[in-house]
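Written out below as structure tokens is the structure these notes cover.
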Amino acid sequence: MTDGSNDAGVLQDLSVLYELSLSVGRSIDLDENCGHFLRTLMARKNLDFGAVWLRDRYVSGAEDGTDLVQVFATPDFRAPERRIPSSHAMVHRAEEEPIFSVSAGGPGYAEIATETGAERGTYAVFRLGHLGLLKLYSSARTAPFPDLELNKLRNVVDKFTVSIAGCLDHARVRAAEQRRRELELQMLHAQKLESLGLLAGGVAHDFNNLLTAILGNAELARMELYSHPAQEHVDNIVGAASRAAELSSQLLAYSGGAPLVSGPLDLNDVVQEMVRLSAVTMSKKARLTCALFDDLPPVEGDAGQLRQVVMNLMTNASESLEGEAGDVELRTGLLSVDAEALAQYELGDEREPGDYVHLDVVDTGCGMDVVTRQRIFDPFFTTKFTGRGLGLAALLGIVRGHGGAIRVRSRLGEGTRVRVLLPVSDGAPRAEAPEAAAPAATRSEGTVLIVDDEDAVRLLLARVVSRMGFQVLTARDGGEAVEVHRENPGCIDLTLLDLTMPVMSGDEAYEVILEIDPSARVVLCSGYSESCAHERFAHRTPDAFLEKPFRIADVQQTIGEVLARRRD
């Protein structure tokens, strides 16, 4: 009978171990894997509680994470502290004994019993390799688990350890794949914006060439039509072309290539100026208020572009009221922004934590839903009946060019709050100097070479320069310009040189012209901004820059200044 009982016991143990073995590794998800194994183990061994503790570095990914974290427990019986240090008595003992068991009243039990309601009973602890610990509890046992029982479970627990390692590896791979997908989406988004920026810059460049011809010829016509009835129509052409130039400026702002005349500015002054100017354009039912921070430090920026930011935000806030009465408030202030806060801003991941001046525009208008908020920075996106331009996309380009960031918070029916961050400047705000009058072009002798691949622009400049009394030479590209200089060494007093041309670009032609005549005076003309144009010159830069579309007065003033410097 005794032998039969022993045989039955052995078979029962083998059955339990086999069932436990089958319960291991049934899922690559850590919670499901632990649940399958521990629930089977508890049922077959009449246990009350089981828990898995893993080292923090396997849970959080921290390289130096040595604390142990309870990642799974069944039933839902959690330790008061789900994190214990590596110096804890249970961890220290497991380092010395891979398997041990203690009962209530025995040495070390109080330190092991980290769960509430375990004043009696027995614990068994298994070290899960370098990963952590498996902790089992039975309230019915009054003595430690026998060594034979612990050793029988050891092989199954080792298999369980391997399965946990597989779950952790899978989780890391899955997290890495998710991160890869997120980075890929971010890269695609950045490439899309970059492509649109290049397109916008290219369109602005070609548009500026056309506007140069339109504005210049209209101004020449206005000079000839003084007091003529047709002068009013020409004035309208000049005005319309000037507004078109503003649209071109928005395109350049979106591409990040708008001219930036940077300097310390008082943002409060910019806001107050735009509040005065916007009185006509704002909704008559909008209650406009300002809360401007005293002693606001200056920001580094271009006054014209920052005015555009303020005006754009005020206009959007006013239109969001949809003709109803409502509030629009402008606020300025100083913030110390950390990396976590910057992550909530558009362009925030490109900025460093630190002190920023902020501009808030808050309205009580119609607000936006989630879909609209996600698209507000897309070029030409609008919720109005027709497109109104680049809108917030151009604003985003201006903020990017100023090293700032922007955040929009809005809910449908609850209004909108837009916050723009701008870096603090080290300099003091400067007062804007009065616009200087263009110097009279008194010189009536000499030769000017005009180089431009656009026939209309080249002809316009030839007429303007001829009216100033200069002899005019022309070239359609950089290669022709070089040949003209070789044929007339030292005879050309000034060259008006376009930057973007076929055959030989302006920057390439400039280097060769200097080799032919080191004292050559060159004025660079371009539909791109001055900063973008100068980036293409490695050493000596041209004597002056004319940004298209320019006015006749701009041409006259620039030529006069360059030749005056030469005489000096």
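Residues in the structure tokens are numbered from 1 in each chain, the chains being A, B, ... in the order shown, and ligands are numbered from 1 in the order shown.
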Could you pull the residues within 8 Å of A:Tyr137, counting only C-alpha atoms, minus those fewer than 4 positions along the same chain, as a PDB file with C-alpha atoms, in the first residue's frame?
ATOM      1  CA  LEU A  47      -1.584  29.171  -2.865  1.00  0.00           C
ATOM      2  CA  ASP A  48      -3.187  32.475  -1.901  1.00  0.00           C
ATOM      3  CA  PHE A  49      -0.921  34.856  -3.696  1.00  0.00           C
ATOM      4  CA  GLY A  50       1.774  35.043  -6.361  1.00  0.00           C
ATOM      5  CA  GLY A 121       1.545  31.596   6.526  1.00  0.00           C
ATOM      6  CA  THR A 122       4.621  30.824   4.429  1.00  0.00           C
ATOM      7  CA  TYR A 123       6.523  32.465   1.565  1.00  0.00           C
ATOM      8  CA  ALA A 124       8.601  30.844  -1.171  1.00  0.00           C
TER       9      ALA A 124
END
Please return as a PyMOL selection string: the residues of stretch 177-363 of chain A that backbone DSSP assigns to alpha helix (DSSP H).
chain A and resi 177-224+231-255+267-277+303-320+339-342
Non-local contacts of stretch 462-465 of chain A (10 Å; only C-alpha atoms; under 4 positions in same chain excluded) as a PyMOL selection string
chain A and resi 216-217+220+441+444+447-451+456-458+469-474+552-553+555-556+559
Output N, CA, C and O atoms for every residue in that selection, as a short mmCIF file (atom, residue, chain, number, x, y, z; two decimals), in the first residue's frame.
data_model
loop_
_atom_site.label_atom_id
_atom_site.label_comp_id
_atom_site.auth_asym_id
_atom_site.auth_seq_id
_atom_site.Cartn_x
_atom_site.Cartn_y
_atom_site.Cartn_z
N GLY A 216 8.02 98.32 -61.45
CA GLY A 216 8.95 99.28 -62.05
C GLY A 216 8.36 99.99 -63.24
O GLY A 216 8.45 101.24 -63.35
N ASN A 217 7.73 99.25 -64.13
CA ASN A 217 7.14 99.89 -65.31
C ASN A 217 5.96 100.78 -64.94
O ASN A 217 5.73 101.82 -65.57
N LEU A 220 7.48 103.96 -63.73
CA LEU A 220 7.96 104.75 -64.86
C LEU A 220 6.79 105.42 -65.58
O LEU A 220 6.87 106.61 -65.96
N ALA A 441 20.83 110.63 -57.50
CA ALA A 441 21.81 110.01 -58.40
C ALA A 441 22.37 111.09 -59.32
O ALA A 441 21.92 111.30 -60.44
N SER A 444 26.38 111.40 -63.83
CA SER A 444 25.79 111.27 -65.15
C SER A 444 26.76 110.64 -66.16
O SER A 444 26.56 110.74 -67.36
N THR A 447 29.60 103.52 -66.73
CA THR A 447 28.96 102.38 -67.38
C THR A 447 28.42 101.41 -66.32
O THR A 447 29.13 101.07 -65.36
N VAL A 448 27.21 100.97 -66.53
CA VAL A 448 26.57 100.00 -65.63
C VAL A 448 26.18 98.78 -66.46
O VAL A 448 25.54 98.91 -67.51
N LEU A 449 26.60 97.60 -65.98
CA LEU A 449 26.23 96.34 -66.62
C LEU A 449 25.03 95.73 -65.89
O LEU A 449 25.08 95.55 -64.66
N ILE A 450 24.00 95.40 -66.63
CA ILE A 450 22.79 94.80 -66.05
C ILE A 450 22.71 93.36 -66.51
O ILE A 450 22.68 93.08 -67.71
N VAL A 451 22.66 92.44 -65.53
CA VAL A 451 22.67 91.01 -65.83
C VAL A 451 21.41 90.38 -65.24
O VAL A 451 21.25 90.34 -64.02
N ALA A 456 12.00 91.23 -69.10
CA ALA A 456 11.25 92.38 -68.59
C ALA A 456 12.03 93.10 -67.50
O ALA A 456 12.06 94.34 -67.46
N VAL A 457 12.68 92.35 -66.62
CA VAL A 457 13.45 92.97 -65.53
C VAL A 457 14.69 93.65 -66.10
O VAL A 457 15.05 94.77 -65.70
N ARG A 458 15.35 92.99 -67.04
CA ARG A 458 16.56 93.57 -67.63
C ARG A 458 16.23 94.88 -68.35
O ARG A 458 16.96 95.88 -68.23
N GLY A 469 21.53 108.68 -66.29
CA GLY A 469 22.63 109.25 -67.04
C GLY A 469 23.77 108.31 -67.31
O GLY A 469 24.83 108.74 -67.78
N PHE A 470 23.61 107.01 -67.03
CA PHE A 470 24.70 106.07 -67.23
C PHE A 470 24.59 105.39 -68.58
O PHE A 470 23.47 105.22 -69.12
N GLN A 471 25.74 104.97 -69.10
CA GLN A 471 25.73 104.10 -70.26
C GLN A 471 25.40 102.69 -69.79
O GLN A 471 25.88 102.26 -68.75
N VAL A 472 24.61 101.98 -70.56
CA VAL A 472 24.10 100.68 -70.12
C VAL A 472 24.61 99.58 -71.02
O VAL A 472 24.55 99.67 -72.26
N LEU A 473 25.11 98.50 -70.38
CA LEU A 473 25.42 97.24 -71.04
C LEU A 473 24.52 96.17 -70.43
O LEU A 473 24.20 96.25 -69.24
N THR A 474 24.13 95.17 -71.21
CA THR A 474 23.25 94.13 -70.67
C THR A 474 23.80 92.75 -70.98
O THR A 474 24.56 92.55 -71.93
N ILE A 552 11.79 101.86 -58.00
CA ILE A 552 12.78 102.67 -58.71
C ILE A 552 13.65 103.44 -57.72
O ILE A 552 14.87 103.54 -57.88
N ALA A 553 13.02 103.93 -56.65
CA ALA A 553 13.79 104.66 -55.65
C ALA A 553 14.83 103.77 -54.98
O ALA A 553 15.93 104.22 -54.65
N VAL A 555 16.45 101.28 -56.42
CA VAL A 555 17.56 101.13 -57.36
C VAL A 555 18.44 102.38 -57.35
O VAL A 555 19.67 102.30 -57.27
N GLN A 556 17.81 103.53 -57.41
CA GLN A 556 18.56 104.78 -57.43
C GLN A 556 19.37 104.97 -56.14
O GLN A 556 20.54 105.36 -56.17
N ILE A 559 22.41 102.36 -56.06
CA ILE A 559 23.50 102.74 -56.97
C ILE A 559 24.24 103.96 -56.44
O ILE A 559 25.48 104.01 -56.44
#
To one decimal place in Å, what is the distance between atom CA of A:Asp338 and atom CA of A:Gly404?
13.8 Å
Can you list, as a ChimeraX atom specification, every protein, DNA or RNA residue that comes within 9 Å of A:Leu499 when you count only C-alpha atoms, leaving out same-chain residues fewer than 4 positions away?
/A:452,478,505-507,524-528,533
Take the residues just selected and output them with C-alpha atoms as a CSV table (one decimal), in the first residue's frame.
chain,number,residue,atom,x,y,z
A,452,ASP,CA,19.3,89.2,-65.6
A,478,GLY,CA,26.4,84.9,-65.9
A,505,SER,CA,24.6,81.5,-61.8
A,506,GLY,CA,25.2,84.9,-60.2
A,507,ASP,CA,27.5,83.6,-57.4
A,524,LEU,CA,23.3,91.5,-56.2
A,525,CYS,CA,19.6,91.3,-57.2
A,526,SER,CA,17.4,88.3,-56.1
A,527,GLY,CA,13.8,87.3,-55.4
A,528,TYR,CA,15.2,85.4,-52.3
A,533,ALA,CA,21.5,84.9,-51.0
If we count only C-alpha atoms, what is near A:Leu335 at a cut-off of 8 Å, once residues fewer than 6 positions away on the same chain are taken out, given as a list of chain:residue names?
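Contacts, with the query itself left out: A:Asp355, A:Tyr356, A:Val357, A:His358.
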Quick one: of A:Asn155, A:Ser87, A:Thr66, A:Thr161, who's nearest to A:Val52, counting only C-alpha atoms?
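Distance minimum relative to A:Val52 lands on A:Thr161.
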Skipping near chain neighbours, those fewer than 4 positions away, what residues fall within 8 Å of stretch 514-522 of chain A using only C-alpha atoms, listed as a compact mmCIF listing (two decimals) with N, CA, C and O atoms, in the first residue's frame?
# COMPACT_ATOMS: atom_id res chain seq x y z
N HIS A 485 32.72 91.65 -69.20
CA HIS A 485 33.81 92.18 -68.37
C HIS A 485 35.17 91.94 -69.03
O HIS A 485 36.07 92.79 -68.93
N ARG A 486 35.34 90.79 -69.70
CA ARG A 486 36.61 90.51 -70.37
C ARG A 486 36.83 91.46 -71.55
O ARG A 486 37.96 91.87 -71.84
N PRO A 489 37.67 95.44 -69.79
CA PRO A 489 38.36 95.37 -68.49
C PRO A 489 38.54 96.75 -67.87
O PRO A 489 39.04 97.69 -68.51
N GLY A 490 38.08 96.88 -66.63
CA GLY A 490 38.24 98.13 -65.88
C GLY A 490 37.35 99.25 -66.34
O GLY A 490 37.46 100.37 -65.81
N ILE A 492 33.83 99.02 -66.51
CA ILE A 492 32.47 98.91 -65.97
C ILE A 492 32.49 99.40 -64.53
O ILE A 492 33.19 98.85 -63.68
N ASP A 493 31.73 100.46 -64.26
CA ASP A 493 31.72 101.07 -62.93
C ASP A 493 30.86 100.29 -61.94
O ASP A 493 31.13 100.30 -60.75
N LEU A 494 29.83 99.64 -62.42
CA LEU A 494 28.93 98.93 -61.52
C LEU A 494 28.22 97.82 -62.29
O LEU A 494 27.85 97.99 -63.45
N THR A 495 28.01 96.66 -61.61
CA THR A 495 27.28 95.55 -62.21
C THR A 495 26.08 95.22 -61.34
O THR A 495 26.22 94.98 -60.13
N LEU A 496 24.89 95.23 -61.95
CA LEU A 496 23.67 94.75 -61.27
C LEU A 496 23.50 93.30 -61.68
O LEU A 496 23.18 93.00 -62.84
N LEU A 497 23.70 92.36 -60.74
CA LEU A 497 23.84 90.94 -61.05
C LEU A 497 22.72 90.13 -60.41
O LEU A 497 22.58 90.10 -59.18
N TYR A 510 30.13 86.00 -60.22
CA TYR A 510 30.76 87.00 -59.34
C TYR A 510 32.23 86.66 -59.08
O TYR A 510 33.10 87.54 -59.12
N PRO A 542 28.94 90.63 -52.30
CA PRO A 542 28.69 91.81 -53.14
C PRO A 542 28.59 93.09 -52.30
O PRO A 542 28.39 93.08 -51.09
N ASP A 543 28.69 94.21 -52.98
CA ASP A 543 28.71 95.51 -52.31
C ASP A 543 27.34 95.91 -51.76
O ASP A 543 27.26 96.70 -50.82
N ALA A 544 26.29 95.41 -52.37
CA ALA A 544 24.94 95.76 -51.89
C ALA A 544 23.97 94.68 -52.39
O ALA A 544 24.33 93.83 -53.20
N VAL A 562 26.50 102.91 -53.39
CA VAL A 562 27.68 102.11 -53.76
C VAL A 562 28.73 102.97 -54.45
O VAL A 562 29.93 102.89 -54.13
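Computed from the coordinates, the atom CA of A:Val482 to atom CA of A:Val512 distance equals 6.8 Å.
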Report as a PDB file with C-alpha atoms, in the first residue's frame all protein, DNA and RNA residues lying within 9 Å of A:Leu313, evaluated on only C-alpha atoms, omitting residues in the same chain fewer than 4 positions from it.
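Below you can see part32.pdb, which holds the result:
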ATOM      1  CA  GLN A 308       2.437  90.306 -39.193  1.00  0.00           C
ATOM      2  CA  VAL A 309       2.263  87.640 -36.444  1.00  0.00           C
ATOM      3  CA  ALA A 317      -9.472  85.792 -33.147  1.00  0.00           C
ATOM      4  CA  SER A 318     -11.849  88.476 -34.417  1.00  0.00           C
ATOM      5  CA  VAL A 361      -4.004  85.862 -28.031  1.00  0.00           C
ATOM      6  CA  LEU A 392      -0.900  80.156 -39.787  1.00  0.00           C
ATOM      7  CA  LEU A 395       3.064  82.530 -39.186  1.00  0.00           C
ATOM      8  CA  VAL A 418      -2.641  80.834 -29.017  1.00  0.00           C
TER       9      VAL A 418
END
Closest of A:Gly397, A:Ile28, A:Glu19, A:Pro229 to A:Val173 - atom-to-atom distances counting only C-alpha atoms
A:Ile28
Go through stretch 288-331 of chain A and collect every residue that DSSP, computed from the backbone, puts in strand (DSSP E); the answer should be as a list of chain:residue names.
A:Leu288, A:Thr289, A:Cys290, A:Ala291, A:Val299, A:Glu300, A:Gly301, A:Gly326, A:Asp327, A:Val328, A:Glu329, A:Leu330, A:Arg331
Can you work out which one of A:Ala341, A:Ala171, A:Arg373, A:Val24 has the shortest atom-to-atom distance to A:Ser60, counting only C-alpha atoms?
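Residue with the minimum atom-to-atom distance to A:Ser60: A:Ala171.
Comparing the minimum interatomic distances between A:Ile99 and each of A:Glu508, A:Asp158, A:Asp426, A:Glu219, counting only C-alpha atoms, we find that A:Asp158 sits nearest.
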